[in-house]
2 protein chains.
Amino acid sequence: FKVYAIDKNEDALKYGREHGFIMDSELKEDELVKKADLIILSLYPTDNVKWVENHHHLFSSDTLITDVSGIKMAIVNKIQSIIQKGEFIASHPMAGKEKSGVEYASASIFKDANFLITPTSINSQKAIDAIHDLAETLEFANIEIISPQLHDEMIGYLSQLTHVIAISLMNTHDNVEHLIRYTGDSFRDLTRIAKINENLWSELFILNKKILSSNIDNFINEMNEFKKILDDEDIEAMKKKMILSTERRKMFDRK
Amino acid sequence: FKVYAIDKNEDALKYGREHGFIMDSELKEDELVKKADLIILSLYPTDNVKWVENHHHLFSSDTLITDVSGIKMAIVNKIQSIIQKGEFIASHPMAGKEKSGVEYASASIFKDANFLITPTSINSQKAIDAIHDLAETLEFANIEIISPQLHDEMIGYLSQLTHVIAISLMNTHDNVEHLIRYTGDSFRDLTRIAKINENLWSELFILNKKILSSNIDNFINEMNEFKKILDDEDIEAMKKKMILSTERRKMFDRK
């Protein structure tokens with residue numbers, strides 16, 4: 001593959017060239033866009049929309065465009081309605097780190113990860129197949145094709161709610177510094193993702209507000225139920241909750 | 001060290017002997033208790049109390065007794081008031097697995113772990129030193145001496161609240177089986193401890209009810225605050241929460 005990159009950060013481009021991630025080019029940005037067979041948008045969600053608004057006149061009828069955004073409904077239809085030539089098909093490689101920047105790049109994070117393709121009714125089978133091939137080439141463990149709606153509902157629970165929980169658990173008590181000496185693995189596991197890029201995630205949360213807010217409600221109801229059982233010392237109800245969570249979590253163990 | 005074990009499960013004893021964890025002995029249980037220099041109670045918290053009630057007549061003035069319980073206030077004073085000869089000093093090795101049974105035994109889980117000693121005013125320096133030596137011998141990374149009260153307050157937040165969260169997150173949605181294909185690392189990390197021994201943990205929770213219940217309240221308040229900020233699209237307040245959680249979580253990274 002011939003891979004080129006466009007970035008406002010010159011140091012990132014330099015690092016990418018020096019490490020062989022991207023190729024050097026004499027071409028200007030507009031020329032690179034014109035010549036590209038596949039464009040992978042890796043900006044924040046709403047910046048992807050803006051970039052397409054400003055560059056879609058450079059696309060040809062053969063240009064395939066995809067993205068890596070963590071939410072879909074708020075941007076997919078918008079981008080598809082802007083584009084006049086070429087095709088946009090959304091995807092979500094579910095792999096990442098708490099640290100951002102090209103210097104933290106690692107091909108190994110794809111190995112155990114899921115890759116989601118979220119086509120709409122206007123996408124072609126050819127485009128779906130091309131992105132599927134890309135995900136296979138990158139060695140993702142599992143590739144799924146789902147609707148933008150189902151994507152955002154799942155992400156609201158599996159990813160966004162978990163991040164709100166981690167943030168809130170970390171913020172529940174002030175003066176936590178003295179607790180470090182007494183901390184076990186469970187607290188570290190539950191708060192690992194409390195280290196979070198506030199610019200990206202506040203945007204992701206607001207773009208999926210309705211779904212996330214309802215997930216927070218459902219979770220708080222479940223916590224309140226558990227608290228009532230505890231306050232009542234209803235030991236049998238408590239055991240039932242634990243047996244249910246144990247059975248369910250076993251299904252999520254990696255094979 | 002000469003290590004012997006008493007267990008109602010004969011298979012566990014057999015496994016322990018075959019793997020060299022414990023020694024064989026012709027002595028009956030009462031004789032083993034009489035001869036022991038150090039007794040490590042590894043029963044459920046209230047069963048520890050019952051066992052001491054039934055066996056303390058066998059202790060000599062040199063017998064040192066400790067435990068491994070996850071809560072302290074509910075049992076430490078009780079056990080100390082029962083004993084007439086010998087000394088009970090409570091401790092909490094903060095290492096474990098989601099699976100129980102001697103076949104899952106592993107010495108390596110102590111390497112990165114904390115060991116807490118929770119003496120009361122009646123404990124001797126000699127007893128504290130002896131348990132400190134034990135924890136060093138077992139190669140715990142960090143050994144701390146704190147009061148039973150502080151122990152239970154910390155555990156209520158760092159361990160018990162995190163388990164209630166994991167259980168509740170796992171139980172928030174029914175029919176989760178189809179979600180397995182889309183799950184990323186964050187959900188798996190936050191629910192790992194939703195696989196839980198319902199008999200042990202329901203007892204631990206009820207014995208620390210007041211502290212745990214107030215921790216659940218504080219956490220739910222924090223979640224509700226976050227939900228309000230989200231519903232209001234107060235992006236600056238949301239970023240503040242994320243910056244705070246990020247800063248705090250960094251302190252908990254292993255050195």
# chains A, B, ... in the order shown; residues from 1 in each chain; ligands from 1

$ select_by_dssp --residues "stretch 7-244 of chain A" --states "helix (DSSP H, G or I)" --output "PyMOL selection string"
chain A and resi 10-18+29-35+45-58+76-82+102-104+107-110+125-137+148-171+177-182+185-194+198-207+209-231+235-244

$ interface_residues --of "chain A" --to "chain B" --cutoff "6 Å" --atoms "only C-alpha atoms" --output "PDB file with C-alpha atoms, in the first residue's frame"
ATOM      1  CA  LEU A 158     -20.594  -0.768  26.350  1.00  0.00           C
ATOM      2  CA  ILE A 167     -14.859   9.136  35.765  1.00  0.00           C
ATOM      3  CA  SER A 168     -17.507   9.279  38.506  1.00  0.00           C
ATOM      4  CA  MET A 170     -12.581   8.449  40.452  1.00  0.00           C
ATOM      5  CA  ASN A 171     -14.343  11.702  41.419  1.00  0.00           C
ATOM      6  CA  THR A 172     -16.553  10.288  44.214  1.00  0.00           C
ATOM      7  CA  ILE A 180      -2.939   4.758  46.704  1.00  0.00           C
ATOM      8  CA  PHE A 187     -10.175  -0.245  41.667  1.00  0.00           C
ATOM      9  CA  ASP A 189      -9.259  -1.876  36.566  1.00  0.00           C
ATOM     10  CA  LEU A 190     -12.443   0.128  37.032  1.00  0.00           C
ATOM     11  CA  ALA A 194     -10.881   7.625  33.927  1.00  0.00           C
ATOM     12  CA  LYS A 195      -7.753   8.961  32.178  1.00  0.00           C
ATOM     13  CA  ILE A 196      -9.586  10.437  29.261  1.00  0.00           C
ATOM     14  CA  GLU A 198     -11.687  15.587  27.587  1.00  0.00           C
ATOM     15  CA  PHE A 219     -27.576   2.055  35.594  1.00  0.00           C
ATOM     16  CA  GLU A 222     -29.837  -0.745  39.139  1.00  0.00           C
ATOM     17  CA  MET A 223     -27.444   0.773  41.719  1.00  0.00           C
ATOM     18  CA  LYS A 239     -27.048 -13.305  46.061  1.00  0.00           C
ATOM     19  CA  MET A 242     -24.452 -11.683  42.092  1.00  0.00           C
ATOM     20  CA  SER A 245     -23.885 -10.902  37.039  1.00  0.00           C
ATOM     21  CA  THR A 246     -21.521 -13.879  37.323  1.00  0.00           C
ATOM     22  CA  PHE A 252     -17.932 -12.125  27.897  1.00  0.00           C
TER      23      PHE A 252
END

$ residues_around --residues "stretch 106-108 of chain B" --least-positions-apart "4" --cutoff "12 Å" --atoms "only C-alpha atoms" --output "MDAnalysis selection string"
chainID B and resid 19 21 95:97 99:102 112:113 137:141

$ residues_around --residues "stretch 43-47 of chain A" --least-positions-apart "2" --cutoff "10 Å" --atoms "only C-alpha atoms" --output "NGL selection string"
:A and (7 or 40-41 or 49-53 or 67-72 or 74-76 or 78-79 or 199-201 or 203-204 or 207)

$ write_last_selection --atoms "N, CA and C atoms" --output "PDB file, in the first residue's frame"
ATOM      1  N   ASP A   7      -1.836  16.210   8.063  1.00  0.00           N
ATOM      2  CA  ASP A   7      -2.017  16.538   9.480  1.00  0.00           C
ATOM      3  C   ASP A   7      -1.552  17.965   9.692  1.00  0.00           C
ATOM      4  N   ILE A  40      -9.043   7.790   4.914  1.00  0.00           N
ATOM      5  CA  ILE A  40      -9.496   7.425   6.260  1.00  0.00           C
ATOM      6  C   ILE A  40      -9.517   8.690   7.116  1.00  0.00           C
ATOM      7  N   LEU A  41     -10.699   9.203   7.406  1.00  0.00           N
ATOM      8  CA  LEU A  41     -10.847  10.408   8.226  1.00  0.00           C
ATOM      9  C   LEU A  41     -10.599  10.044   9.682  1.00  0.00           C
ATOM     10  N   VAL A  49     -16.900  16.084   9.512  1.00  0.00           N
ATOM     11  CA  VAL A  49     -17.940  16.698   8.676  1.00  0.00           C
ATOM     12  C   VAL A  49     -17.395  17.970   8.022  1.00  0.00           C
ATOM     13  N   LYS A  50     -16.736  18.797   8.835  1.00  0.00           N
ATOM     14  CA  LYS A  50     -16.180  20.058   8.305  1.00  0.00           C
ATOM     15  C   LYS A  50     -15.150  19.796   7.213  1.00  0.00           C
ATOM     16  N   TRP A  51     -14.281  18.798   7.437  1.00  0.00           N
ATOM     17  CA  TRP A  51     -13.225  18.504   6.466  1.00  0.00           C
ATOM     18  C   TRP A  51     -13.847  18.075   5.133  1.00  0.00           C
ATOM     19  N   VAL A  52     -14.876  17.241   5.218  1.00  0.00           N
ATOM     20  CA  VAL A  52     -15.537  16.776   3.991  1.00  0.00           C
ATOM     21  C   VAL A  52     -16.197  17.950   3.275  1.00  0.00           C
ATOM     22  N   GLU A  53     -16.828  18.838   4.050  1.00  0.00           N
ATOM     23  CA  GLU A  53     -17.431  20.047   3.445  1.00  0.00           C
ATOM     24  C   GLU A  53     -16.391  20.820   2.627  1.00  0.00           C
ATOM     25  N   ASP A  67     -14.195   6.518   8.087  1.00  0.00           N
ATOM     26  CA  ASP A  67     -13.781   7.285   9.269  1.00  0.00           C
ATOM     27  C   ASP A  67     -13.488   6.303  10.402  1.00  0.00           C
ATOM     28  N   VAL A  68     -13.156   6.827  11.569  1.00  0.00           N
ATOM     29  CA  VAL A  68     -12.892   5.969  12.732  1.00  0.00           C
ATOM     30  C   VAL A  68     -13.689   6.453  13.957  1.00  0.00           C
ATOM     31  N   SER A  69     -14.752   7.210  13.719  1.00  0.00           N
ATOM     32  CA  SER A  69     -15.462   7.887  14.820  1.00  0.00           C
ATOM     33  C   SER A  69     -16.184   6.911  15.745  1.00  0.00           C
ATOM     34  N   GLY A  70     -16.271   7.302  17.008  1.00  0.00           N
ATOM     35  CA  GLY A  70     -16.920   6.505  18.029  1.00  0.00           C
ATOM     36  C   GLY A  70     -18.430   6.674  18.094  1.00  0.00           C
ATOM     37  N   ILE A  71     -18.990   7.602  17.316  1.00  0.00           N
ATOM     38  CA  ILE A  71     -20.450   7.705  17.189  1.00  0.00           C
ATOM     39  C   ILE A  71     -20.768   7.838  15.702  1.00  0.00           C
ATOM     40  N   LYS A  72     -21.974   7.430  15.333  1.00  0.00           N
ATOM     41  CA  LYS A  72     -22.279   7.354  13.903  1.00  0.00           C
ATOM     42  C   LYS A  72     -23.490   8.175  13.474  1.00  0.00           C
ATOM     43  N   ALA A  74     -24.885  10.880  14.336  1.00  0.00           N
ATOM     44  CA  ALA A  74     -24.755  12.329  14.260  1.00  0.00           C
ATOM     45  C   ALA A  74     -23.934  12.798  13.062  1.00  0.00           C
ATOM     46  N   ILE A  75     -23.183  11.886  12.413  1.00  0.00           N
ATOM     47  CA  ILE A  75     -22.327  12.355  11.320  1.00  0.00           C
ATOM     48  C   ILE A  75     -22.523  11.634   9.986  1.00  0.00           C
ATOM     49  N   VAL A  76     -22.996  10.389  10.010  1.00  0.00           N
ATOM     50  CA  VAL A  76     -22.986   9.596   8.776  1.00  0.00           C
ATOM     51  C   VAL A  76     -23.894  10.195   7.696  1.00  0.00           C
ATOM     52  N   LYS A  78     -25.056  13.175   7.508  1.00  0.00           N
ATOM     53  CA  LYS A  78     -24.540  14.506   7.145  1.00  0.00           C
ATOM     54  C   LYS A  78     -23.469  14.397   6.072  1.00  0.00           C
ATOM     55  N   ILE A  79     -22.476  13.544   6.323  1.00  0.00           N
ATOM     56  CA  ILE A  79     -21.370  13.420   5.364  1.00  0.00           C
ATOM     57  C   ILE A  79     -21.879  12.869   4.037  1.00  0.00           C
ATOM     58  N   ASN A 199     -11.451  16.616  25.378  1.00  0.00           N
ATOM     59  CA  ASN A 199     -11.990  17.288  24.192  1.00  0.00           C
ATOM     60  C   ASN A 199     -12.742  16.307  23.296  1.00  0.00           C
ATOM     61  N   LEU A 200     -12.131  15.152  23.071  1.00  0.00           N
ATOM     62  CA  LEU A 200     -12.780  14.142  22.235  1.00  0.00           C
ATOM     63  C   LEU A 200     -14.037  13.580  22.895  1.00  0.00           C
ATOM     64  N   TRP A 201     -13.909  13.185  24.170  1.00  0.00           N
ATOM     65  CA  TRP A 201     -15.012  12.444  24.803  1.00  0.00           C
ATOM     66  C   TRP A 201     -16.203  13.327  25.145  1.00  0.00           C
ATOM     67  N   GLU A 203     -17.226  15.654  23.290  1.00  0.00           N
ATOM     68  CA  GLU A 203     -17.928  15.724  21.997  1.00  0.00           C
ATOM     69  C   GLU A 203     -18.690  14.421  21.719  1.00  0.00           C
ATOM     70  N   LEU A 204     -18.026  13.279  21.939  1.00  0.00           N
ATOM     71  CA  LEU A 204     -18.682  11.981  21.711  1.00  0.00           C
ATOM     72  C   LEU A 204     -19.936  11.833  22.576  1.00  0.00           C
ATOM     73  N   LEU A 207     -22.798  14.188  21.341  1.00  0.00           N
ATOM     74  CA  LEU A 207     -23.367  13.727  20.074  1.00  0.00           C
ATOM     75  C   LEU A 207     -24.234  12.477  20.246  1.00  0.00           C
TER      76      LEU A 207
END

$ atom_distance --atom1 "atom CA of B:Glu18" --atom2 "atom CA of B:Tyr104"
14.3 Å

$ select_by_dssp --residues "stretch 39-178 of chain B" --states "strand (DSSP E or B)" --output "list in words"
Ile39, Ile40, Leu41, Leu64, Ile65, Thr66, Asp67, Glu87, Phe88, Ala90, Ser91, His92, Pro93, Met94, Asn114, Phe115, Leu116, Ile117, Thr118, Asn142, Ile143, Glu144 and Ile145 of chain B

$ atom_distance --atom1 "atom CA of A:Lys111" --atom2 "atom CA of A:Ala130"
19.4 Å

$ atom_distance --atom1 "atom CA of B:Gly20" --atom2 "atom CA of B:Ile39"
18.7 Å

$ residues_around --residues "B:Ile128" --least-positions-apart "5" --cutoff "8 Å" --atoms "only C-alpha atoms" --output "VMD selection string"
chain B and resid 89 117 119 123

$ write_last_selection --atoms "C-alpha atoms" --output "mmCIF file, in the first residue's frame"
data_model
loop_
_atom_site.group_PDB
_atom_site.id
_atom_site.type_symbol
_atom_site.label_atom_id
_atom_site.label_comp_id
_atom_site.auth_asym_id
_atom_site.auth_seq_id
_atom_site.Cartn_x
_atom_site.Cartn_y
_atom_site.Cartn_z
ATOM 1 C CA ILE B 89 -4.032 -9.643 65.288
ATOM 2 C CA ILE B 117 -2.197 -5.115 59.255
ATOM 3 C CA PRO B 119 -4.005 -3.872 65.094
ATOM 4 C CA ASN B 123 -2.091 -5.786 70.274
#

$ closest_residue --among "B:Asp129, B:Glu153, B:Glu103, B:Ala90" --to "B:Ser42" --atoms "only C-alpha atoms"
B:Ala90

$ residues_around --residues "A:Gln80" --least-positions-apart "6" --cutoff "9 Å" --atoms "only C-alpha atoms" --output "list in words"
Glu87, Phe88, Ile89 and Ile122 of chain A

$ closest_residue --among "A:Lys28, A:Lys8, A:Lys35, A:His178" --to "A:Thr63" --atoms "only C-alpha atoms"
A:Lys35

$ decode --residues "stretch 232-246 of chain A" --atoms "all heavy atoms" --output "PDB file, in the first residue's frame"
ATOM      1  N   ASP A 232     -31.800  -3.236  53.387  1.00  0.00           N
ATOM      2  CA  ASP A 232     -32.779  -4.168  53.971  1.00  0.00           C
ATOM      3  C   ASP A 232     -32.131  -5.470  54.450  1.00  0.00           C
ATOM      4  O   ASP A 232     -32.825  -6.336  54.988  1.00  0.00           O
ATOM      5  CB  ASP A 232     -33.857  -4.545  52.926  1.00  0.00           C
ATOM      6  CG  ASP A 232     -34.699  -3.348  52.518  1.00  0.00           C
ATOM      7  OD1 ASP A 232     -34.618  -2.320  53.212  1.00  0.00           O
ATOM      8  OD2 ASP A 232     -35.429  -3.454  51.513  1.00  0.00           O
ATOM      9  N   GLU A 233     -30.838  -5.626  54.204  1.00  0.00           N
ATOM     10  CA  GLU A 233     -30.130  -6.893  54.488  1.00  0.00           C
ATOM     11  C   GLU A 233     -30.861  -8.086  53.868  1.00  0.00           C
ATOM     12  O   GLU A 233     -30.952  -9.160  54.463  1.00  0.00           O
ATOM     13  CB  GLU A 233     -29.924  -7.088  55.990  1.00  0.00           C
ATOM     14  CG  GLU A 233     -29.073  -5.979  56.591  1.00  0.00           C
ATOM     15  CD  GLU A 233     -28.561  -6.296  57.995  1.00  0.00           C
ATOM     16  OE1 GLU A 233     -28.631  -7.474  58.397  1.00  0.00           O
ATOM     17  OE2 GLU A 233     -28.064  -5.364  58.652  1.00  0.00           O
ATOM     18  N   ASP A 234     -31.367  -7.883  52.667  1.00  0.00           N
ATOM     19  CA  ASP A 234     -32.053  -8.947  51.936  1.00  0.00           C
ATOM     20  C   ASP A 234     -31.000  -9.797  51.231  1.00  0.00           C
ATOM     21  O   ASP A 234     -30.712  -9.649  50.044  1.00  0.00           O
ATOM     22  CB  ASP A 234     -33.029  -8.329  50.922  1.00  0.00           C
ATOM     23  CG  ASP A 234     -33.856  -9.389  50.209  1.00  0.00           C
ATOM     24  OD1 ASP A 234     -33.525 -10.593  50.309  1.00  0.00           O
ATOM     25  OD2 ASP A 234     -34.835  -9.003  49.538  1.00  0.00           O
ATOM     26  N   ILE A 235     -30.412 -10.715  51.990  1.00  0.00           N
ATOM     27  CA  ILE A 235     -29.236 -11.444  51.529  1.00  0.00           C
ATOM     28  C   ILE A 235     -29.555 -12.333  50.325  1.00  0.00           C
ATOM     29  O   ILE A 235     -28.726 -12.511  49.427  1.00  0.00           O
ATOM     30  CB  ILE A 235     -28.597 -12.238  52.695  1.00  0.00           C
ATOM     31  CG1 ILE A 235     -27.168 -12.663  52.349  1.00  0.00           C
ATOM     32  CG2 ILE A 235     -29.440 -13.436  53.104  1.00  0.00           C
ATOM     33  CD1 ILE A 235     -26.309 -12.958  53.554  1.00  0.00           C
ATOM     34  N   GLU A 236     -30.785 -12.888  50.268  1.00  0.00           N
ATOM     35  CA  GLU A 236     -31.129 -13.753  49.133  1.00  0.00           C
ATOM     36  C   GLU A 236     -31.226 -12.952  47.841  1.00  0.00           C
ATOM     37  O   GLU A 236     -30.757 -13.395  46.783  1.00  0.00           O
ATOM     38  CB  GLU A 236     -32.439 -14.512  49.414  1.00  0.00           C
ATOM     39  CG  GLU A 236     -32.293 -15.623  50.464  1.00  0.00           C
ATOM     40  CD  GLU A 236     -31.088 -16.532  50.211  1.00  0.00           C
ATOM     41  OE1 GLU A 236     -30.887 -16.956  49.056  1.00  0.00           O
ATOM     42  OE2 GLU A 236     -30.322 -16.789  51.171  1.00  0.00           O
ATOM     43  N   ALA A 237     -31.829 -11.762  47.894  1.00  0.00           N
ATOM     44  CA  ALA A 237     -31.916 -10.900  46.708  1.00  0.00           C
ATOM     45  C   ALA A 237     -30.518 -10.470  46.254  1.00  0.00           C
ATOM     46  O   ALA A 237     -30.228 -10.385  45.054  1.00  0.00           O
ATOM     47  CB  ALA A 237     -32.774  -9.682  47.008  1.00  0.00           C
ATOM     48  N   MET A 238     -29.640 -10.216  47.235  1.00  0.00           N
ATOM     49  CA  MET A 238     -28.274  -9.813  46.906  1.00  0.00           C
ATOM     50  C   MET A 238     -27.533 -10.944  46.193  1.00  0.00           C
ATOM     51  O   MET A 238     -26.855 -10.725  45.190  1.00  0.00           O
ATOM     52  CB  MET A 238     -27.540  -9.436  48.196  1.00  0.00           C
ATOM     53  CG  MET A 238     -26.337  -8.551  47.962  1.00  0.00           C
ATOM     54  SD  MET A 238     -25.481  -8.132  49.497  1.00  0.00           S
ATOM     55  CE  MET A 238     -26.733  -7.143  50.296  1.00  0.00           C
ATOM     56  N   LYS A 239     -27.692 -12.158  46.709  1.00  0.00           N
ATOM     57  CA  LYS A 239     -27.048 -13.305  46.061  1.00  0.00           C
ATOM     58  C   LYS A 239     -27.573 -13.508  44.637  1.00  0.00           C
ATOM     59  O   LYS A 239     -26.807 -13.827  43.731  1.00  0.00           O
ATOM     60  CB  LYS A 239     -27.299 -14.578  46.885  1.00  0.00           C
ATOM     61  CG  LYS A 239     -26.448 -14.666  48.140  1.00  0.00           C
ATOM     62  CD  LYS A 239     -26.715 -15.971  48.881  1.00  0.00           C
ATOM     63  CE  LYS A 239     -25.985 -15.975  50.228  1.00  0.00           C
ATOM     64  NZ  LYS A 239     -26.289 -17.193  50.999  1.00  0.00           N
ATOM     65  N   LYS A 240     -28.869 -13.302  44.450  1.00  0.00           N
ATOM     66  CA  LYS A 240     -29.456 -13.433  43.111  1.00  0.00           C
ATOM     67  C   LYS A 240     -28.794 -12.477  42.120  1.00  0.00           C
ATOM     68  O   LYS A 240     -28.473 -12.849  40.991  1.00  0.00           O
ATOM     69  CB  LYS A 240     -30.956 -13.119  43.167  1.00  0.00           C
ATOM     70  CG  LYS A 240     -31.827 -14.349  43.218  1.00  0.00           C
ATOM     71  CD  LYS A 240     -33.287 -13.955  42.974  1.00  0.00           C
ATOM     72  CE  LYS A 240     -34.236 -15.061  43.404  1.00  0.00           C
ATOM     73  NZ  LYS A 240     -35.632 -14.593  43.479  1.00  0.00           N
ATOM     74  N   LYS A 241     -28.608 -11.222  42.557  1.00  0.00           N
ATOM     75  CA  LYS A 241     -27.939 -10.232  41.700  1.00  0.00           C
ATOM     76  C   LYS A 241     -26.531 -10.700  41.334  1.00  0.00           C
ATOM     77  O   LYS A 241     -26.065 -10.523  40.211  1.00  0.00           O
ATOM     78  CB  LYS A 241     -27.838  -8.883  42.417  1.00  0.00           C
ATOM     79  CG  LYS A 241     -29.166  -8.193  42.674  1.00  0.00           C
ATOM     80  CD  LYS A 241     -29.491  -7.233  41.559  1.00  0.00           C
ATOM     81  CE  LYS A 241     -30.740  -6.437  41.859  1.00  0.00           C
ATOM     82  NZ  LYS A 241     -31.430  -6.027  40.621  1.00  0.00           N
ATOM     83  N   MET A 242     -25.840 -11.262  42.312  1.00  0.00           N
ATOM     84  CA  MET A 242     -24.452 -11.683  42.092  1.00  0.00           C
ATOM     85  C   MET A 242     -24.380 -12.913  41.173  1.00  0.00           C
ATOM     86  O   MET A 242     -23.485 -13.020  40.341  1.00  0.00           O
ATOM     87  CB  MET A 242     -23.771 -11.981  43.429  1.00  0.00           C
ATOM     88  CG  MET A 242     -23.558 -10.736  44.277  1.00  0.00           C
ATOM     89  SD  MET A 242     -22.835 -11.158  45.886  1.00  0.00           S
ATOM     90  CE  MET A 242     -22.696  -9.531  46.641  1.00  0.00           C
ATOM     91  N   ILE A 243     -25.321 -13.824  41.352  1.00  0.00           N
ATOM     92  CA  ILE A 243     -25.349 -15.020  40.495  1.00  0.00           C
ATOM     93  C   ILE A 243     -25.637 -14.610  39.047  1.00  0.00           C
ATOM     94  O   ILE A 243     -25.007 -15.093  38.106  1.00  0.00           O
ATOM     95  CB  ILE A 243     -26.395 -16.035  41.025  1.00  0.00           C
ATOM     96  CG1 ILE A 243     -25.901 -16.633  42.347  1.00  0.00           C
ATOM     97  CG2 ILE A 243     -26.661 -17.129  40.000  1.00  0.00           C
ATOM     98  CD1 ILE A 243     -26.963 -17.392  43.133  1.00  0.00           C
ATOM     99  N   LEU A 244     -26.577 -13.657  38.885  1.00  0.00           N
ATOM    100  CA  LEU A 244     -26.908 -13.170  37.536  1.00  0.00           C
ATOM    101  C   LEU A 244     -25.697 -12.497  36.882  1.00  0.00           C
ATOM    102  O   LEU A 244     -25.355 -12.788  35.728  1.00  0.00           O
ATOM    103  CB  LEU A 244     -28.086 -12.180  37.612  1.00  0.00           C
ATOM    104  CG  LEU A 244     -28.525 -11.554  36.282  1.00  0.00           C
ATOM    105  CD1 LEU A 244     -29.076 -12.618  35.334  1.00  0.00           C
ATOM    106  CD2 LEU A 244     -29.581 -10.463  36.516  1.00  0.00           C
ATOM    107  N   SER A 245     -25.031 -11.614  37.631  1.00  0.00           N
ATOM    108  CA  SER A 245     -23.885 -10.902  37.039  1.00  0.00           C
ATOM    109  C   SER A 245     -22.745 -11.871  36.724  1.00  0.00           C
ATOM    110  O   SER A 245     -22.032 -11.710  35.733  1.00  0.00           O
ATOM    111  CB  SER A 245     -23.405  -9.779  37.964  1.00  0.00           C
ATOM    112  OG  SER A 245     -22.736 -10.282  39.102  1.00  0.00           O
ATOM    113  N   THR A 246     -22.576 -12.889  37.553  1.00  0.00           N
ATOM    114  CA  THR A 246     -21.521 -13.879  37.323  1.00  0.00           C
ATOM    115  C   THR A 246     -21.791 -14.671  36.041  1.00  0.00           C
ATOM    116  O   THR A 246     -20.906 -14.834  35.200  1.00  0.00           O
ATOM    117  CB  THR A 246     -21.422 -14.851  38.523  1.00  0.00           C
ATOM    118  OG1 THR A 246     -21.124 -14.097  39.690  1.00  0.00           O
ATOM    119  CG2 THR A 246     -20.346 -15.901  38.297  1.00  0.00           C
TER     120      THR A 246
END
